[in-house]
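**Q** File data.pdb below, PDB, C-alpha atoms:
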```pdb
ATOM      1  CA  MET A   1      15.920  -1.921 -21.966  1.00  0.00           C
ATOM      2  CA  LEU A   2      17.641  -0.843 -18.768  1.00  0.00           C
ATOM      3  CA  PRO A   3      21.303   0.159 -19.297  1.00  0.00           C
ATOM      4  CA  TYR A   4      22.534  -2.393 -16.729  1.00  0.00           C
ATOM      5  CA  ILE A   5      20.814  -5.247 -18.574  1.00  0.00           C
ATOM      6  CA  ALA A   6      21.789  -3.965 -22.022  1.00  0.00           C
ATOM      7  CA  LYS A   7      25.485  -4.209 -21.113  1.00  0.00           C
ATOM      8  CA  LEU A   8      25.249  -7.901 -20.197  1.00  0.00           C
ATOM      9  CA  PRO A   9      26.147 -10.726 -22.596  1.00  0.00           C
ATOM     10  CA  ASP A  10      23.097 -12.428 -24.131  1.00  0.00           C
ATOM     11  CA  GLU A  11      23.371 -15.569 -21.971  1.00  0.00           C
ATOM     12  CA  GLU A  12      23.731 -13.598 -18.748  1.00  0.00           C
ATOM     13  CA  ARG A  13      20.794 -11.394 -19.761  1.00  0.00           C
ATOM     14  CA  ARG A  14      18.690 -14.516 -20.272  1.00  0.00           C
ATOM     15  CA  GLN A  15      19.735 -15.874 -16.864  1.00  0.00           C
ATOM     16  CA  LEU A  16      18.828 -12.572 -15.222  1.00  0.00           C
ATOM     17  CA  THR A  17      15.357 -12.669 -16.754  1.00  0.00           C
ATOM     18  CA  GLU A  18      14.900 -16.242 -15.530  1.00  0.00           C
ATOM     19  CA  VAL A  19      15.998 -15.492 -11.964  1.00  0.00           C
ATOM     20  CA  ILE A  20      13.624 -12.489 -11.784  1.00  0.00           C
ATOM     21  CA  ARG A  21      10.749 -14.706 -12.910  1.00  0.00           C
ATOM     22  CA  LEU A  22      11.832 -17.378 -10.438  1.00  0.00           C
ATOM     23  CA  LEU A  23      11.800 -14.959  -7.514  1.00  0.00           C
ATOM     24  CA  LEU A  24       8.390 -13.612  -8.468  1.00  0.00           C
ATOM     25  CA  ARG A  25       7.056 -17.153  -8.775  1.00  0.00           C
ATOM     26  CA  GLN A  26       8.400 -18.652  -5.549  1.00  0.00           C
ATOM     27  CA  THR A  27       9.261 -15.622  -3.323  1.00  0.00           C
ATOM     28  CA  PHE A  28      12.274 -17.356  -1.733  1.00  0.00           C
ATOM     29  CA  LEU A  29      15.586 -18.537  -3.145  1.00  0.00           C
ATOM     30  CA  LEU A  30      17.606 -21.012  -1.078  1.00  0.00           C
ATOM     31  CA  GLU A  31      21.390 -21.270  -1.105  1.00  0.00           C
ATOM     32  CA  ARG A  32      21.116 -25.027  -0.657  1.00  0.00           C
ATOM     33  CA  LYS A  33      18.202 -27.274  -1.576  1.00  0.00           C
ATOM     34  CA  TYR A  34      17.500 -30.935  -0.914  1.00  0.00           C
ATOM     35  CA  ASP A  35      18.212 -33.141  -3.927  1.00  0.00           C
ATOM     36  CA  LYS A  36      16.170 -36.368  -4.017  1.00  0.00           C
ATOM     37  CA  LYS A  37      18.620 -38.171  -6.298  1.00  0.00           C
ATOM     38  CA  THR A  38      21.619 -37.766  -3.992  1.00  0.00           C
ATOM     39  CA  GLY A  39      19.750 -37.356  -0.696  1.00  0.00           C
ATOM     40  CA  ARG A  40      21.939 -34.337   0.031  1.00  0.00           C
ATOM     41  CA  PHE A  41      21.604 -30.553   0.184  1.00  0.00           C
ATOM     42  CA  LEU A  42      23.221 -29.163  -2.961  1.00  0.00           C
ATOM     43  CA  PHE A  43      24.293 -25.614  -3.768  1.00  0.00           C
ATOM     44  CA  ASN A  44      21.784 -23.662  -5.854  1.00  0.00           C
ATOM     45  CA  LYS A  45      23.450 -22.046  -8.882  1.00  0.00           C
ATOM     46  CA  ASP A  46      20.615 -19.493  -9.139  1.00  0.00           C
ATOM     47  CA  TYR A  47      21.515 -18.239  -5.670  1.00  0.00           C
ATOM     48  CA  ARG A  48      25.105 -17.539  -6.729  1.00  0.00           C
ATOM     49  CA  PHE A  49      23.940 -15.783  -9.895  1.00  0.00           C
ATOM     50  CA  LEU A  50      21.492 -13.632  -7.915  1.00  0.00           C
ATOM     51  CA  SER A  51      24.307 -12.677  -5.527  1.00  0.00           C
ATOM     52  CA  LEU A  52      26.341 -11.341  -8.447  1.00  0.00           C
ATOM     53  CA  HIS A  53      23.511  -8.986  -9.458  1.00  0.00           C
ATOM     54  CA  LEU A  54      22.020  -8.363  -6.021  1.00  0.00           C
ATOM     55  CA  GLU A  55      22.422  -4.562  -5.936  1.00  0.00           C
ATOM     56  CA  PHE A  56      20.777  -4.110  -9.344  1.00  0.00           C
ATOM     57  CA  LEU A  57      17.926  -6.488  -8.501  1.00  0.00           C
ATOM     58  CA  GLN A  58      17.280  -4.728  -5.203  1.00  0.00           C
ATOM     59  CA  ASP A  59      16.847  -1.439  -7.112  1.00  0.00           C
ATOM     60  CA  TYR A  60      14.752  -3.211  -9.757  1.00  0.00           C
ATOM     61  CA  PHE A  61      12.254  -4.629  -7.244  1.00  0.00           C
ATOM     62  CA  GLU A  62      12.242  -1.448  -5.159  1.00  0.00           C
ATOM     63  CA  ALA A  63      10.603   0.339  -8.096  1.00  0.00           C
ATOM     64  CA  ALA A  64       7.630  -2.003  -7.614  1.00  0.00           C
ATOM     65  CA  GLY A  65       7.494  -1.453  -3.850  1.00  0.00           C
ATOM     66  CA  ILE A  66       9.119  -4.820  -3.144  1.00  0.00           C
ATOM     67  CA  GLU A  67      12.279  -5.405  -1.116  1.00  0.00           C
ATOM     68  CA  LEU A  68      14.806  -8.083  -2.040  1.00  0.00           C
ATOM     69  CA  LYS A  69      16.663  -9.151   1.089  1.00  0.00           C
ATOM     70  CA  GLU A  70      19.389 -11.658   1.877  1.00  0.00           C
ATOM     71  CA  ASN A  71      19.877 -13.594   5.097  1.00  0.00           C
ATOM     72  CA  THR A  72      23.462 -14.817   4.830  1.00  0.00           C
ATOM     73  CA  GLN A  73      23.278 -16.743   8.115  1.00  0.00           C
ATOM     74  CA  THR A  74      20.597 -19.128   6.842  1.00  0.00           C
ATOM     75  CA  GLY A  75      21.287 -18.803   3.114  1.00  0.00           C
ATOM     76  CA  VAL A  76      17.967 -17.349   1.978  1.00  0.00           C
ATOM     77  CA  MET A  77      17.162 -14.543  -0.455  1.00  0.00           C
ATOM     78  CA  TYR A  78      13.575 -13.384  -0.420  1.00  0.00           C
ATOM     79  CA  LEU A  79      11.083 -10.803  -1.565  1.00  0.00           C
ATOM     80  CA  THR A  80       9.153  -8.892   1.054  1.00  0.00           C
ATOM     81  CA  GLY A  81       6.450  -6.289   0.820  1.00  0.00           C
ATOM     82  CA  GLU A  82       2.771  -5.829   1.405  1.00  0.00           C
ATOM     83  CA  ASP A  83       0.913  -8.966   0.302  1.00  0.00           C
ATOM     84  CA  VAL A  84       3.919 -10.483  -1.480  1.00  0.00           C
ATOM     85  CA  LEU A  85       2.931 -13.910  -0.152  1.00  0.00           C
ATOM     86  CA  ALA A  86      -0.059 -13.450   2.145  1.00  0.00           C
ATOM     87  CA  ASP A  87      -2.622 -13.088  -0.630  1.00  0.00           C
ATOM     88  CA  ARG A  88      -1.631 -16.490  -2.046  1.00  0.00           C
ATOM     89  CA  LEU A  89      -2.125 -18.538   1.129  1.00  0.00           C
ATOM     90  CA  THR A  90      -5.241 -20.490   2.054  1.00  0.00           C
ATOM     91  CA  LYS A  91      -6.323 -20.899   5.648  1.00  0.00           C
ATOM     92  CA  LEU A  92      -4.872 -24.418   5.819  1.00  0.00           C
ATOM     93  CA  SER A  93      -1.516 -23.328   4.393  1.00  0.00           C
ATOM     94  CA  THR A  94      -1.384 -20.452   6.892  1.00  0.00           C
ATOM     95  CA  ILE A  95      -2.109 -22.820   9.789  1.00  0.00           C
ATOM     96  CA  TYR A  96       0.489 -25.301   8.534  1.00  0.00           C
ATOM     97  CA  LEU A  97       2.996 -22.438   8.319  1.00  0.00           C
ATOM     98  CA  LEU A  98       2.404 -21.525  11.961  1.00  0.00           C
ATOM     99  CA  ILE A  99       2.806 -25.111  13.161  1.00  0.00           C
ATOM    100  CA  LEU A 100       5.874 -25.680  10.980  1.00  0.00           C
ATOM    101  CA  LYS A 101       7.457 -22.541  12.431  1.00  0.00           C
ATOM    102  CA  LEU A 102       6.691 -23.780  15.949  1.00  0.00           C
ATOM    103  CA  ILE A 103       8.365 -27.133  15.169  1.00  0.00           C
ATOM    104  CA  TYR A 104      11.302 -25.346  13.524  1.00  0.00           C
ATOM    105  CA  ASP A 105      11.890 -23.064  16.518  1.00  0.00           C
ATOM    106  CA  GLU A 106      11.630 -25.931  19.003  1.00  0.00           C
ATOM    107  CA  GLN A 107      14.202 -28.049  17.176  1.00  0.00           C
ATOM    108  CA  MET A 108      16.557 -25.109  16.574  1.00  0.00           C
ATOM    109  CA  SER A 109      16.470 -24.291  20.287  1.00  0.00           C
ATOM    110  CA  GLN A 110      17.903 -27.762  20.929  1.00  0.00           C
ATOM    111  CA  ALA A 111      21.242 -26.633  19.463  1.00  0.00           C
ATOM    112  CA  SER A 112      20.613 -28.048  16.002  1.00  0.00           C
ATOM    113  CA  THR A 113      23.686 -27.927  13.770  1.00  0.00           C
ATOM    114  CA  SER A 114      21.588 -27.571  10.591  1.00  0.00           C
ATOM    115  CA  VAL A 115      19.385 -24.723   9.372  1.00  0.00           C
ATOM    116  CA  ASN A 116      17.071 -27.347   7.825  1.00  0.00           C
ATOM    117  CA  ILE A 117      14.735 -29.200  10.173  1.00  0.00           C
ATOM    118  CA  TYR A 118      13.044 -32.587   9.712  1.00  0.00           C
ATOM    119  CA  THR A 119       9.557 -33.493  10.910  1.00  0.00           C
ATOM    120  CA  THR A 120       6.726 -35.732   9.692  1.00  0.00           C
ATOM    121  CA  LEU A 121       3.289 -35.144   8.270  1.00  0.00           C
ATOM    122  CA  GLY A 122       1.865 -37.032  11.237  1.00  0.00           C
ATOM    123  CA  ASP A 123       3.525 -34.655  13.706  1.00  0.00           C
ATOM    124  CA  LEU A 124       2.329 -31.642  11.701  1.00  0.00           C
ATOM    125  CA  ASN A 125      -1.276 -32.856  11.690  1.00  0.00           C
ATOM    126  CA  ALA A 126      -1.142 -33.923  15.343  1.00  0.00           C
ATOM    127  CA  ARG A 127       0.058 -30.447  16.370  1.00  0.00           C
ATOM    128  CA  THR A 128      -2.642 -28.829  14.249  1.00  0.00           C
ATOM    129  CA  GLY A 129      -5.245 -31.038  15.949  1.00  0.00           C
ATOM    130  CA  SER A 130      -3.925 -30.382  19.448  1.00  0.00           C
ATOM    131  CA  PHE A 131      -4.419 -26.641  18.975  1.00  0.00           C
ATOM    132  CA  GLN A 132      -7.928 -27.269  17.583  1.00  0.00           C
ATOM    133  CA  LEU A 133      -7.290 -24.929  14.681  1.00  0.00           C
ATOM    134  CA  LEU A 134      -9.623 -26.685  12.241  1.00  0.00           C
ATOM    135  CA  LYS A 135     -13.166 -27.833  12.736  1.00  0.00           C
ATOM    136  CA  GLU A 136     -12.665 -30.861  10.497  1.00  0.00           C
ATOM    137  CA  ARG A 137      -9.608 -32.853   9.478  1.00  0.00           C
ATOM    138  CA  PRO A 138      -8.515 -31.704   5.997  1.00  0.00           C
ATOM    139  CA  SER A 139      -8.936 -34.178   3.169  1.00  0.00           C
ATOM    140  CA  PRO A 140      -5.896 -35.866   1.545  1.00  0.00           C
ATOM    141  CA  THR A 141      -6.489 -33.666  -1.513  1.00  0.00           C
ATOM    142  CA  GLU A 142      -6.402 -30.483   0.593  1.00  0.00           C
ATOM    143  CA  ILE A 143      -3.239 -31.629   2.370  1.00  0.00           C
ATOM    144  CA  ARG A 144      -1.517 -32.502  -0.911  1.00  0.00           C
ATOM    145  CA  ARG A 145      -2.524 -29.145  -2.435  1.00  0.00           C
ATOM    146  CA  THR A 146      -1.211 -27.285   0.624  1.00  0.00           C
ATOM    147  CA  LEU A 147       2.111 -29.135   0.693  1.00  0.00           C
ATOM    148  CA  THR A 148       2.492 -28.486  -3.032  1.00  0.00           C
ATOM    149  CA  LEU A 149       1.938 -24.764  -2.437  1.00  0.00           C
ATOM    150  CA  LEU A 150       4.494 -24.614   0.391  1.00  0.00           C
ATOM    151  CA  ARG A 151       7.004 -26.539  -1.737  1.00  0.00           C
ATOM    152  CA  ARG A 152       6.509 -24.083  -4.585  1.00  0.00           C
ATOM    153  CA  TYR A 153       7.437 -21.206  -2.284  1.00  0.00           C
ATOM    154  CA  GLN A 154      10.552 -23.032  -1.017  1.00  0.00           C
ATOM    155  CA  ILE A 155       9.251 -23.338   2.539  1.00  0.00           C
ATOM    156  CA  LEU A 156       9.407 -27.102   2.784  1.00  0.00           C
ATOM    157  CA  GLU A 157      10.384 -30.216   0.876  1.00  0.00           C
ATOM    158  CA  VAL A 158       8.820 -33.683   0.858  1.00  0.00           C
ATOM    159  CA  PRO A 159      11.820 -35.981   0.291  1.00  0.00           C
ATOM    160  CA  ASP A 160       9.683 -39.141   0.192  1.00  0.00           C
ATOM    161  CA  GLY A 161       7.564 -37.763  -2.661  1.00  0.00           C
ATOM    162  CA  MET A 162       3.947 -36.659  -2.865  1.00  0.00           C
ATOM    163  CA  GLU A 163       2.482 -39.874  -4.278  1.00  0.00           C
ATOM    164  CA  GLU A 164       1.662 -41.574  -0.965  1.00  0.00           C
ATOM    165  CA  LEU A 165       1.197 -39.194   1.938  1.00  0.00           C
ATOM    166  CA  GLU A 166       1.284 -41.120   5.211  1.00  0.00           C
ATOM    167  CA  SER A 167       1.771 -40.080   8.829  1.00  0.00           C
ATOM    168  CA  ASP A 168       5.458 -41.053   8.602  1.00  0.00           C
ATOM    169  CA  THR A 169       6.034 -39.008   5.410  1.00  0.00           C
ATOM    170  CA  ARG A 170       9.084 -36.844   6.118  1.00  0.00           C
ATOM    171  CA  LEU A 171       9.025 -33.073   5.727  1.00  0.00           C
ATOM    172  CA  ILE A 172      12.093 -30.822   5.539  1.00  0.00           C
ATOM    173  CA  ILE A 173      11.430 -27.325   6.866  1.00  0.00           C
ATOM    174  CA  TYR A 174      13.653 -24.792   5.127  1.00  0.00           C
ATOM    175  CA  PRO A 175      14.976 -21.695   6.990  1.00  0.00           C
ATOM    176  CA  SER A 176      12.826 -19.519   4.713  1.00  0.00           C
ATOM    177  CA  ILE A 177      10.032 -20.185   7.236  1.00  0.00           C
ATOM    178  CA  ASN A 178      11.738 -17.528   9.385  1.00  0.00           C
ATOM    179  CA  MET A 179      11.328 -14.947   6.639  1.00  0.00           C
ATOM    180  CA  VAL A 180       7.581 -15.612   6.333  1.00  0.00           C
ATOM    181  CA  LEU A 181       7.012 -15.070  10.037  1.00  0.00           C
ATOM    182  CA  LEU A 182       9.846 -12.639  10.702  1.00  0.00           C
ATOM    183  CA  GLY A 183       9.423 -10.975  14.083  1.00  0.00           C
ATOM    184  CA  SER A 184       6.089 -12.657  14.724  1.00  0.00           C
ATOM    185  CA  SER A 185       5.100 -14.439  17.911  1.00  0.00           C
ATOM    186  CA  VAL A 186       3.915 -17.788  16.559  1.00  0.00           C
ATOM    187  CA  ARG A 187       2.077 -18.808  19.712  1.00  0.00           C
ATOM    188  CA  GLU A 188       0.173 -15.516  19.721  1.00  0.00           C
ATOM    189  CA  LEU A 189      -0.791 -16.021  16.069  1.00  0.00           C
ATOM    190  CA  ILE A 190      -1.907 -19.580  16.819  1.00  0.00           C
ATOM    191  CA  LYS A 191      -3.977 -18.262  19.709  1.00  0.00           C
ATOM    192  CA  SER A 192      -5.697 -15.807  17.357  1.00  0.00           C
ATOM    193  CA  PHE A 193      -6.713 -18.752  15.169  1.00  0.00           C
ATOM    194  CA  GLU A 194      -7.966 -20.645  18.230  1.00  0.00           C
ATOM    195  CA  GLU A 195     -10.193 -17.707  19.104  1.00  0.00           C
ATOM    196  CA  GLU A 196     -11.747 -17.580  15.633  1.00  0.00           C
ATOM    197  CA  PRO A 197     -15.162 -19.201  15.199  1.00  0.00           C
ATOM    198  CA  HIS A 198     -14.679 -22.637  13.617  1.00  0.00           C
ATOM    199  CA  GLY A 199     -17.449 -22.109  11.103  1.00  0.00           C
ATOM    200  CA  THR A 200     -15.136 -21.073   8.268  1.00  0.00           C
ATOM    201  CA  ASN A 201     -12.452 -23.002   6.456  1.00  0.00           C
ATOM    202  CA  ASP A 202     -11.385 -21.276   3.258  1.00  0.00           C
ATOM    203  CA  GLN A 203     -10.216 -24.172   1.182  1.00  0.00           C
TER
END
```
Rewrite the coordinates I just gave you, this time as structure tokens.

**A**
Amino acid sequence: MLPYIAKLPDEERRQLTEVIRLLLRQTFLLERKYDKKTGRFLFNKDYRFLSLHLEFLQDYFEAAGIELKENTQTGVMYLTGEDVLADRLTKLSTIYLLILKLIYDEQMSQASTSVNIYTTLGDLNARTGSFQLLKERPSPTEIRRTLTLLRRYQILEVPDGMEELESDTRLIIYPSINMVLLGSSVRELIKSFEEEPHGTNDQ
């Protein structure tokens, strides 16, 4: 056992193990997350705990070639490194990410006072269609699977639930979307998808 961990009380050691597993599972950790019961953004206790052990965890992940970074402005901690997230994304989830980032940037440029942006599934699909990024409209099952994946990685939330997905189903885009596409020109990436032959759709 590492000396740093060995010195911790049993409960704190258990929490540290859990937060490491959580980061590896979902890549991003948000300071505030939407709570369906209250309809508000509540503080995430795991974020505070990670902050207390940030320096150790940065060294811990560095040994595996992974960086643990914190964006204090938007309240996001995240893992970054070669293929940390990219190898887990389908083509549809990648396309949705690009369109969500486009929507996020547009709304933030309108002097939004929140780091969390609202849109709808209908707007997301309409934008995807307008760029002609998919040969065929994805099935409800594919859409549900993709939204579930993006929720798991703390990129969006579906406050209305996943049971009935309609065009007016609300989506909350978390600021972690900026970490996925950090420094990337979204419109250029979308253009690269437009130029791809439409014969493949890796779902």

**Q** Which residue, A:Glu106, A:Glu12, A:Asp35, A:Glu164, has the smallest gap to Leu52 (chain A) when you use all atoms listed in the file?

**A** A:Glu12

**Q** Given all atoms listed in the file as the basis, pick out the residue of A:Ile143, A:Leu171, A:Met108, A:Ala63 nearest to Gly81 (chain A).

**A** A:Ala63

**Q** Once the PyMOL selection byres ((chain A and resi 115-120) around 10) is applied to the coordinates I shared, what remains selected? I want it as an mmCIF file with C-alpha atoms, keeping the file's coordinate frame.

**A**
```cif
data_model
loop_
_atom_site.group_PDB
_atom_site.id
_atom_site.type_symbol
_atom_site.label_atom_id
_atom_site.label_comp_id
_atom_site.auth_asym_id
_atom_site.auth_seq_id
_atom_site.Cartn_x
_atom_site.Cartn_y
_atom_site.Cartn_z
ATOM 1 C CA ARG A 32 21.116 -25.027 -0.657
ATOM 2 C CA LYS A 33 18.202 -27.274 -1.576
ATOM 3 C CA TYR A 34 17.500 -30.935 -0.914
ATOM 4 C CA PHE A 41 21.604 -30.553 0.184
ATOM 5 C CA GLN A 73 23.278 -16.743 8.115
ATOM 6 C CA THR A 74 20.597 -19.128 6.842
ATOM 7 C CA GLY A 75 21.287 -18.803 3.114
ATOM 8 C CA LEU A 100 5.874 -25.680 10.980
ATOM 9 C CA ILE A 103 8.365 -27.133 15.169
ATOM 10 C CA TYR A 104 11.302 -25.346 13.524
ATOM 11 C CA ASP A 105 11.890 -23.064 16.518
ATOM 12 C CA GLU A 106 11.630 -25.931 19.003
ATOM 13 C CA GLN A 107 14.202 -28.049 17.176
ATOM 14 C CA MET A 108 16.557 -25.109 16.574
ATOM 15 C CA SER A 112 20.613 -28.048 16.002
ATOM 16 C CA THR A 113 23.686 -27.927 13.770
ATOM 17 C CA SER A 114 21.588 -27.571 10.591
ATOM 18 C CA LEU A 121 3.289 -35.144 8.270
ATOM 19 C CA GLY A 122 1.865 -37.032 11.237
ATOM 20 C CA ASP A 123 3.525 -34.655 13.706
ATOM 21 C CA LEU A 124 2.329 -31.642 11.701
ATOM 22 C CA ASN A 125 -1.276 -32.856 11.690
ATOM 23 C CA ALA A 126 -1.142 -33.923 15.343
ATOM 24 C CA LEU A 156 9.407 -27.102 2.784
ATOM 25 C CA GLU A 157 10.384 -30.216 0.876
ATOM 26 C CA VAL A 158 8.820 -33.683 0.858
ATOM 27 C CA GLU A 166 1.284 -41.120 5.211
ATOM 28 C CA SER A 167 1.771 -40.080 8.829
ATOM 29 C CA ASP A 168 5.458 -41.053 8.602
ATOM 30 C CA THR A 169 6.034 -39.008 5.410
ATOM 31 C CA ARG A 170 9.084 -36.844 6.118
ATOM 32 C CA LEU A 171 9.025 -33.073 5.727
ATOM 33 C CA ILE A 172 12.093 -30.822 5.539
ATOM 34 C CA ILE A 173 11.430 -27.325 6.866
ATOM 35 C CA TYR A 174 13.653 -24.792 5.127
ATOM 36 C CA PRO A 175 14.976 -21.695 6.990
ATOM 37 C CA SER A 176 12.826 -19.519 4.713
#
```

**Q** For Arg187 (chain A), which of A:Lys37, A:Glu82, A:Leu102, A:Leu16 is the closest residue, counting all atoms listed in the file?

**A**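 Looking at the shortest contact to Arg187 (chain A), the residue is A:Leu102.
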
**Q** Could you pull out every residue with an atom within 9 Å of (-3.2, -36.9, 0.7), file coordinates, counting only C-alpha atoms, and send them as a ChimeraX atom specification?

**A** /A:139-145,162-166

**Q** Pick from A:Glu31, A:Lys36, A:Asp46, A:Leu189: nearest to Gln15 (chain A), with all atoms listed in the file counted?

**A**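 For Gln15 (chain A), the nearest of the candidates is A:Asp46.
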
**Q** Would you please work out which residue, of A:Ser192, A:Gly129, A:Met179, A:Arg14, is nearest to Thr80 (chain A) when using all atoms listed in the file?

**A** A:Met179

**Q** One number please: CA of Arg13 (chain A) to CA of Leu50 (chain A), in Å, one decimal.

**A** 12.1 Å

**Q** My list of candidates is A:Leu150, A:Leu23, A:Leu54, A:Val180. Which is closest to Lys101 (chain A) when distances are computed with all atoms listed in the file?

**A** A:Val180

**Q** Between CA of Gln154 (chain A) and CA of Thr27 (chain A), what distance in Å does the model show, to one decimal?

**A**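 Between CA of Gln154 (chain A) and CA of Thr27 (chain A) the gap works out to 7.9 Å.
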
**Q** Can you sort out the box for region 31-40 of chain A, edges along x, y and z, all listed atoms in, 8 Å on every side, with centre and edge lengths in Å to one decimal, as AutoDock Vina command-line options?

**A**
```
--center_x 19.1 --center_y -29.7 --center_z -3.1 --size_x 21.8 --size_y 32.9 --size_z 22.3
```

**Q** Measure the distance from CA of Leu147 (chain A) to CA of Ile66 (chain A) in Å and round it to one decimal.

**A** 25.6 Å

**Q** Going by the chain IDs and residue numbers used in this file, which residues fall under the PyMOL selection byres ((chain A and resi 47) around 8)? Write them as a CSV table (one decimal) with C-alpha atoms, keeping the file's coordinate frame.

**A**
```csv
chain,number,residue,atom,x,y,z
A,29,LEU,CA,15.6,-18.5,-3.1
A,30,LEU,CA,17.6,-21.0,-1.1
A,31,GLU,CA,21.4,-21.3,-1.1
A,44,ASN,CA,21.8,-23.7,-5.9
A,45,LYS,CA,23.4,-22.0,-8.9
A,46,ASP,CA,20.6,-19.5,-9.1
A,48,ARG,CA,25.1,-17.5,-6.7
A,49,PHE,CA,23.9,-15.8,-9.9
A,50,LEU,CA,21.5,-13.6,-7.9
A,51,SER,CA,24.3,-12.7,-5.5
A,77,MET,CA,17.2,-14.5,-0.5
```

**Q** Taking 6 positions as the minimum chain separation for residues in the same chain, which residues sit within 8 Å of Thr128 (chain A) when counting all atoms listed in the file? Answer as a list in words.

**A**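 Near neighbours after the sequence-gap exclusion: Ile95, Tyr96, Ile99 and Leu134 of chain A.
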
**Q** Would you kindly identify which residues have an atom no farther than 12 Å from (22.8, -3.2, -18.7), using only C-alpha atoms and the file's own coordinates, and write them out as a list in words?

**A**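 Every polymer residue passing the test: Met1, Leu2, Pro3, Tyr4, Ile5, Ala6, Lys7, Leu8, Pro9, Asp10, Glu12, Arg13, Leu16, His53, Phe56 and Leu57 of chain A.
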
**Q** Store the residues picked out above in a file with C-alpha atoms, as a PDB file, in the coordinates of the input.

**A**
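Writing the result to again-v3.pdb gives the following:
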```
ATOM      1  CA  MET A   1      15.920  -1.921 -21.966  1.00  0.00           C
ATOM      2  CA  LEU A   2      17.641  -0.843 -18.768  1.00  0.00           C
ATOM      3  CA  PRO A   3      21.303   0.159 -19.297  1.00  0.00           C
ATOM      4  CA  TYR A   4      22.534  -2.393 -16.729  1.00  0.00           C
ATOM      5  CA  ILE A   5      20.814  -5.247 -18.574  1.00  0.00           C
ATOM      6  CA  ALA A   6      21.789  -3.965 -22.022  1.00  0.00           C
ATOM      7  CA  LYS A   7      25.485  -4.209 -21.113  1.00  0.00           C
ATOM      8  CA  LEU A   8      25.249  -7.901 -20.197  1.00  0.00           C
ATOM      9  CA  PRO A   9      26.147 -10.726 -22.596  1.00  0.00           C
ATOM     10  CA  ASP A  10      23.097 -12.428 -24.131  1.00  0.00           C
ATOM     11  CA  GLU A  12      23.731 -13.598 -18.748  1.00  0.00           C
ATOM     12  CA  ARG A  13      20.794 -11.394 -19.761  1.00  0.00           C
ATOM     13  CA  LEU A  16      18.828 -12.572 -15.222  1.00  0.00           C
ATOM     14  CA  HIS A  53      23.511  -8.986  -9.458  1.00  0.00           C
ATOM     15  CA  PHE A  56      20.777  -4.110  -9.344  1.00  0.00           C
ATOM     16  CA  LEU A  57      17.926  -6.488  -8.501  1.00  0.00           C
TER      17      LEU A  57
END
```

**Q** Return region 15-28 of chain A, completed with N, CA and C atoms, as a PDB file, in the frame of the given file.

**A**
```pdb
ATOM      1  N   GLN A  15      19.726 -15.352 -18.226  1.00  0.00           N
ATOM      2  CA  GLN A  15      19.735 -15.874 -16.864  1.00  0.00           C
ATOM      3  C   GLN A  15      19.101 -14.885 -15.888  1.00  0.00           C
ATOM      4  N   LEU A  16      19.379 -13.600 -16.099  1.00  0.00           N
ATOM      5  CA  LEU A  16      18.828 -12.572 -15.222  1.00  0.00           C
ATOM      6  C   LEU A  16      17.305 -12.540 -15.335  1.00  0.00           C
ATOM      7  N   THR A  17      16.802 -12.627 -16.543  1.00  0.00           N
ATOM      8  CA  THR A  17      15.357 -12.669 -16.754  1.00  0.00           C
ATOM      9  C   THR A  17      14.745 -13.871 -16.046  1.00  0.00           C
ATOM     10  N   GLU A  18      15.410 -15.014 -16.146  1.00  0.00           N
ATOM     11  CA  GLU A  18      14.900 -16.242 -15.530  1.00  0.00           C
ATOM     12  C   GLU A  18      14.886 -16.149 -14.010  1.00  0.00           C
ATOM     13  N   VAL A  19      15.936 -15.560 -13.416  1.00  0.00           N
ATOM     14  CA  VAL A  19      15.998 -15.492 -11.964  1.00  0.00           C
ATOM     15  C   VAL A  19      14.975 -14.484 -11.425  1.00  0.00           C
ATOM     16  N   ILE A  20      14.673 -13.433 -12.179  1.00  0.00           N
ATOM     17  CA  ILE A  20      13.624 -12.489 -11.784  1.00  0.00           C
ATOM     18  C   ILE A  20      12.268 -13.200 -11.786  1.00  0.00           C
ATOM     19  N   ARG A  21      12.013 -13.953 -12.831  1.00  0.00           N
ATOM     20  CA  ARG A  21      10.749 -14.706 -12.910  1.00  0.00           C
ATOM     21  C   ARG A  21      10.659 -15.742 -11.796  1.00  0.00           C
ATOM     22  N   LEU A  22      11.795 -16.375 -11.503  1.00  0.00           N
ATOM     23  CA  LEU A  22      11.832 -17.378 -10.438  1.00  0.00           C
ATOM     24  C   LEU A  22      11.496 -16.772  -9.090  1.00  0.00           C
ATOM     25  N   LEU A  23      12.089 -15.632  -8.785  1.00  0.00           N
ATOM     26  CA  LEU A  23      11.800 -14.959  -7.514  1.00  0.00           C
ATOM     27  C   LEU A  23      10.333 -14.549  -7.403  1.00  0.00           C
ATOM     28  N   LEU A  24       9.790 -14.028  -8.487  1.00  0.00           N
ATOM     29  CA  LEU A  24       8.390 -13.612  -8.468  1.00  0.00           C
ATOM     30  C   LEU A  24       7.457 -14.808  -8.301  1.00  0.00           C
ATOM     31  N   ARG A  25       7.886 -15.948  -8.829  1.00  0.00           N
ATOM     32  CA  ARG A  25       7.056 -17.153  -8.775  1.00  0.00           C
ATOM     33  C   ARG A  25       7.098 -17.827  -7.411  1.00  0.00           C
ATOM     34  N   GLN A  26       8.293 -17.872  -6.777  1.00  0.00           N
ATOM     35  CA  GLN A  26       8.400 -18.652  -5.549  1.00  0.00           C
ATOM     36  C   GLN A  26       8.784 -17.830  -4.318  1.00  0.00           C
ATOM     37  N   THR A  27       9.031 -16.541  -4.452  1.00  0.00           N
ATOM     38  CA  THR A  27       9.261 -15.622  -3.323  1.00  0.00           C
ATOM     39  C   THR A  27      10.617 -15.815  -2.643  1.00  0.00           C
ATOM     40  N   PHE A  28      11.030 -17.054  -2.433  1.00  0.00           N
ATOM     41  CA  PHE A  28      12.274 -17.356  -1.733  1.00  0.00           C
ATOM     42  C   PHE A  28      13.250 -18.067  -2.655  1.00  0.00           C
TER      43      PHE A  28
END
```
